[in-house]
Amino acid sequence: MPGQGYGSAQDPGHVFTGSPLDRAGNERRDRAWIEGQHAKPARRFLALRDLEALVEGDPAPAVAWLTPAELPDGAPEGEAVLLGLDGGEPRFAIDLTAVDGAALAGPLADGRRFAEVRGVAPDLPTDDTAILAQARSLVDWHARHPFCAACGGATTSRNGGLMRVCGDCDAEHFPRVDPVVIVLIIDGDRCLLVSGRGRPGSNYTCIAGFMEPGETVEEAVRREVREEAGVEVAAVRYHSSQPWPFPASLMLGCHAEAASESIAIDPEEIKDARWFDRADVARALDFAAGEIEGESGLDFGVPAPFTISHQLIRAWTSEARGA
């Protein structure tokens, strides 16, 4: 359903969303069908190495899709993960981490290069970022789960890479998605932003944290804000979500109304927390988006536009502008 509350948006257009692929959820249960996809001449491969993605083009990069003939010697094509169908043709993700570097001359021809996903995502077409989020999360999950958590036996990929099965106890294992609440706390014409311990410079962002078992989104928001900033929260309104493939989070974006204003930070998690006026925040957003040249004139910054934090903040400031 569409987001509710401040800055509601039916299609927020977040980076890492909007995949054009048909994931073929029903068909991929058929092993013969999967084998048929691996045999199609029109199949293409999105290659990753140490979780960096193969891209081409500069200054406007795009995901580089390899043909079967362009796969290097030693590429584990049989372990490639089926991402879905593009116009009926299969698209796979393949992990080239274990391939000898000397064999990568073909994939790296014509200016193609492996790029860190977080760094290149803002410059990629939106469709590419969504496919890449799926590919990076799945490749990372397979690399982390070669053995069964129940008995320790070796696992093998099934359903085109959407599950692994233990060869000893038949336990089934599925890719994990870790839900994270991320929230902009609002008090009239000001909002609460924090600077995390691991965050460089003077950038401030929304409060975020992993959900715990048995929590609703609203409960997780109230707990995280109380724990990290000491602020009590009243109404919580869902806005939108964004996959965050580092390694496999789902950011659940919210706006929430403050029920108190006194700040008491958790020094292990938070370096600083402040209330910011809406006009200053709007200027910081425009500076982060490259709409202001030179210096911002502010003593703080905000996250880049490809993050859901930036979009949650912009939705709130846009409401005041009448956008």
# chains A, B, ... in the order shown; residues from 1 in each chain; ligands from 1

call {"tool": "closest_atom_pairs", "arguments": {"of": "segment 145-166 of chain A", "to": "segment 170-190 of chain A", "cutoff": "6 Å", "atoms": "only C-alpha atoms", "output": "JSON lines"}}
result
{"residue": "A:Met163", "atom": "CA", "partner": "A:Phe174", "partner_atom": "CA", "distance": 4.6}
{"residue": "A:Arg164", "atom": "CA", "partner": "A:His173", "partner_atom": "CA", "distance": 5.1}
{"residue": "A:Val165", "atom": "CA", "partner": "A:Glu172", "partner_atom": "CA", "distance": 4.6}
{"residue": "A:Cys166", "atom": "CA", "partner": "A:Asp170", "partner_atom": "CA", "distance": 4.7}

call {"tool": "select_by_dssp", "arguments": {"residues": "segment 71-223 of chain A", "states": "strand (DSSP E)", "output": "count of residues only"}}
result
47

call {"tool": "residues_around", "arguments": {"residues": "Glu218 of chain A", "least_positions_apart": "4", "cutoff": "9 Å", "atoms": "only C-alpha atoms", "output": "ChimeraX atom specification"}}
result
/A:181,222-223,235-238,254

call {"tool": "closest_residue", "arguments": {"among": "A:Ser249, A:Val99, A:Cys148, A:Leu192", "to": "Val233 of chain A", "atoms": "only C-alpha atoms"}}
result
A:Leu192

call {"tool": "closest_residue", "arguments": {"among": "A:Ile263, A:Pro213, A:Ser137, A:Trp316", "to": "Val81 of chain A", "atoms": "only C-alpha atoms"}}
result
A:Ser137

call {"tool": "residues_around", "arguments": {"residues": "Ala47 of chain A", "least_positions_apart": "6", "cutoff": "6 Å", "atoms": "only C-alpha atoms", "output": "list in words"}}
result
Leu54, Ala93 and Ile94 of chain A

call {"tool": "select_by_dssp", "arguments": {"residues": "segment 21-263 of chain A", "states": "helix (DSSP H, G or I)", "output": "ChimeraX atom specification"}}
result
/A:27-29,31-38,68-70,77-79,101-105,109-111,117-123,126-144,159-161,217-229

call {"tool": "residues_around", "arguments": {"residues": "Pro247 of chain A", "least_positions_apart": "6", "cutoff": "12 Å", "atoms": "only C-alpha atoms", "output": "list in words"}}
result
Leu51, Val117, Arg118, Leu132, Ala133, Gln134, Ala135, Arg136, Ser137, Leu138, Val139, Asp140, Trp141, His142, Ala143, Arg144, Pro175, Arg176, Val177, Asp178 and Pro179 of chain A

call {"tool": "write_last_selection", "arguments": {"atoms": "N, CA, C and O atoms", "output": "compact mmCIF listing (two decimals), in the first residue's frame"}}
result
# COMPACT_ATOMS: atom_id res chain seq x y z
N LEU A 51 32.41 -9.54 -4.15
CA LEU A 51 31.17 -8.77 -4.02
C LEU A 51 31.21 -7.43 -4.76
O LEU A 51 30.31 -6.61 -4.60
N VAL A 117 29.90 -1.82 -5.04
CA VAL A 117 28.49 -1.57 -5.35
C VAL A 117 28.00 -0.27 -4.73
O VAL A 117 27.29 0.51 -5.38
N ARG A 118 28.32 -0.02 -3.48
CA ARG A 118 27.83 1.19 -2.83
C ARG A 118 28.33 2.44 -3.55
O ARG A 118 27.61 3.44 -3.66
N LEU A 132 21.22 -5.59 -9.23
CA LEU A 132 22.48 -5.74 -8.51
C LEU A 132 22.25 -5.99 -7.03
O LEU A 132 23.00 -6.77 -6.40
N ALA A 133 21.24 -5.37 -6.44
CA ALA A 133 20.93 -5.62 -5.03
C ALA A 133 20.57 -7.09 -4.82
O ALA A 133 21.02 -7.73 -3.86
N GLN A 134 19.76 -7.63 -5.72
CA GLN A 134 19.40 -9.04 -5.64
C GLN A 134 20.63 -9.92 -5.81
O GLN A 134 20.85 -10.86 -5.03
N ALA A 135 21.45 -9.61 -6.80
CA ALA A 135 22.61 -10.44 -7.11
C ALA A 135 23.62 -10.43 -5.97
O ALA A 135 24.12 -11.48 -5.54
N ARG A 136 23.94 -9.25 -5.46
CA ARG A 136 24.96 -9.15 -4.41
C ARG A 136 24.51 -9.88 -3.14
O ARG A 136 25.29 -10.59 -2.52
N SER A 137 23.25 -9.72 -2.77
CA SER A 137 22.76 -10.38 -1.55
C SER A 137 22.78 -11.88 -1.70
O SER A 137 23.18 -12.60 -0.76
N LEU A 138 22.36 -12.39 -2.85
CA LEU A 138 22.31 -13.84 -3.03
C LEU A 138 23.71 -14.45 -3.12
O LEU A 138 23.97 -15.51 -2.54
N VAL A 139 24.60 -13.82 -3.85
CA VAL A 139 25.96 -14.34 -3.97
C VAL A 139 26.63 -14.37 -2.59
O VAL A 139 27.30 -15.35 -2.22
N ASP A 140 26.42 -13.33 -1.82
CA ASP A 140 27.00 -13.29 -0.48
C ASP A 140 26.40 -14.38 0.41
O ASP A 140 27.12 -15.05 1.16
N TRP A 141 25.08 -14.58 0.31
CA TRP A 141 24.43 -15.61 1.13
C TRP A 141 24.96 -17.00 0.80
O TRP A 141 25.26 -17.79 1.70
N HIS A 142 25.09 -17.32 -0.47
CA HIS A 142 25.61 -18.64 -0.86
C HIS A 142 27.03 -18.85 -0.34
O HIS A 142 27.38 -19.94 0.12
N ALA A 143 27.85 -17.80 -0.41
CA ALA A 143 29.23 -17.92 0.06
C ALA A 143 29.30 -18.17 1.56
O ALA A 143 30.22 -18.82 2.05
N ARG A 144 28.32 -17.68 2.29
CA ARG A 144 28.31 -17.81 3.75
C ARG A 144 27.67 -19.10 4.24
O ARG A 144 27.74 -19.40 5.44
N PRO A 175 17.53 -17.85 1.69
CA PRO A 175 18.23 -16.57 1.86
C PRO A 175 17.56 -15.71 2.93
O PRO A 175 16.33 -15.63 3.00
N ARG A 176 18.38 -15.08 3.74
CA ARG A 176 17.84 -14.25 4.81
C ARG A 176 17.73 -12.81 4.36
O ARG A 176 18.50 -12.32 3.52
N VAL A 177 16.73 -12.14 4.89
CA VAL A 177 16.57 -10.71 4.72
C VAL A 177 16.43 -10.13 6.12
O VAL A 177 15.58 -10.57 6.90
N ASP A 178 17.27 -9.17 6.46
CA ASP A 178 17.28 -8.60 7.81
C ASP A 178 16.52 -7.28 7.82
O ASP A 178 16.99 -6.29 7.25
N PRO A 179 15.34 -7.22 8.47
CA PRO A 179 14.58 -5.97 8.51
C PRO A 179 15.22 -4.95 9.45
O PRO A 179 15.62 -5.27 10.57

call {"tool": "residues_around", "arguments": {"residues": "segment 105-112 of chain A", "least_positions_apart": "3", "cutoff": "9 Å", "atoms": "only C-alpha atoms", "output": "list in words"}}
result
Ala47, Leu54, Val55, Glu56, Gly57, Asp58, Ala64, Leu66, Glu70, Leu71, Pro72, Gly101 and Ala102 of chain A

call {"tool": "atom_distance", "arguments": {"atom1": "atom CA of Val15 of chain A", "atom2": "atom CA of Ala315 of chain A"}}
result
15.4 Å

call {"tool": "closest_residue", "arguments": {"among": "A:Val302, A:Val231, A:Ala121, A:Leu21", "to": "Ala60 of chain A", "atoms": "only C-alpha atoms"}}
result
A:Ala121

call {"tool": "atom_distance", "arguments": {"atom1": "atom CA of Pro68 of chain A", "atom2": "atom CA of Thr97 of chain A"}}
result
17.4 Å

call {"tool": "closest_residue", "arguments": {"among": "A:Ala75, A:Ile308, A:Ile131, A:Ala220", "to": "Arg91 of chain A", "atoms": "only C-alpha atoms"}}
result
A:Ile131

call {"tool": "atom_distance", "arguments": {"atom1": "atom CA of Val120 of chain A", "atom2": "atom CA of Ser19 of chain A"}}
result
17.1 Å

call {"tool": "closest_residue", "arguments": {"among": "A:Phe287, A:Trp244, A:Phe92, A:Trp65", "to": "Lys40 of chain A", "atoms": "only C-alpha atoms"}}
result
A:Phe92
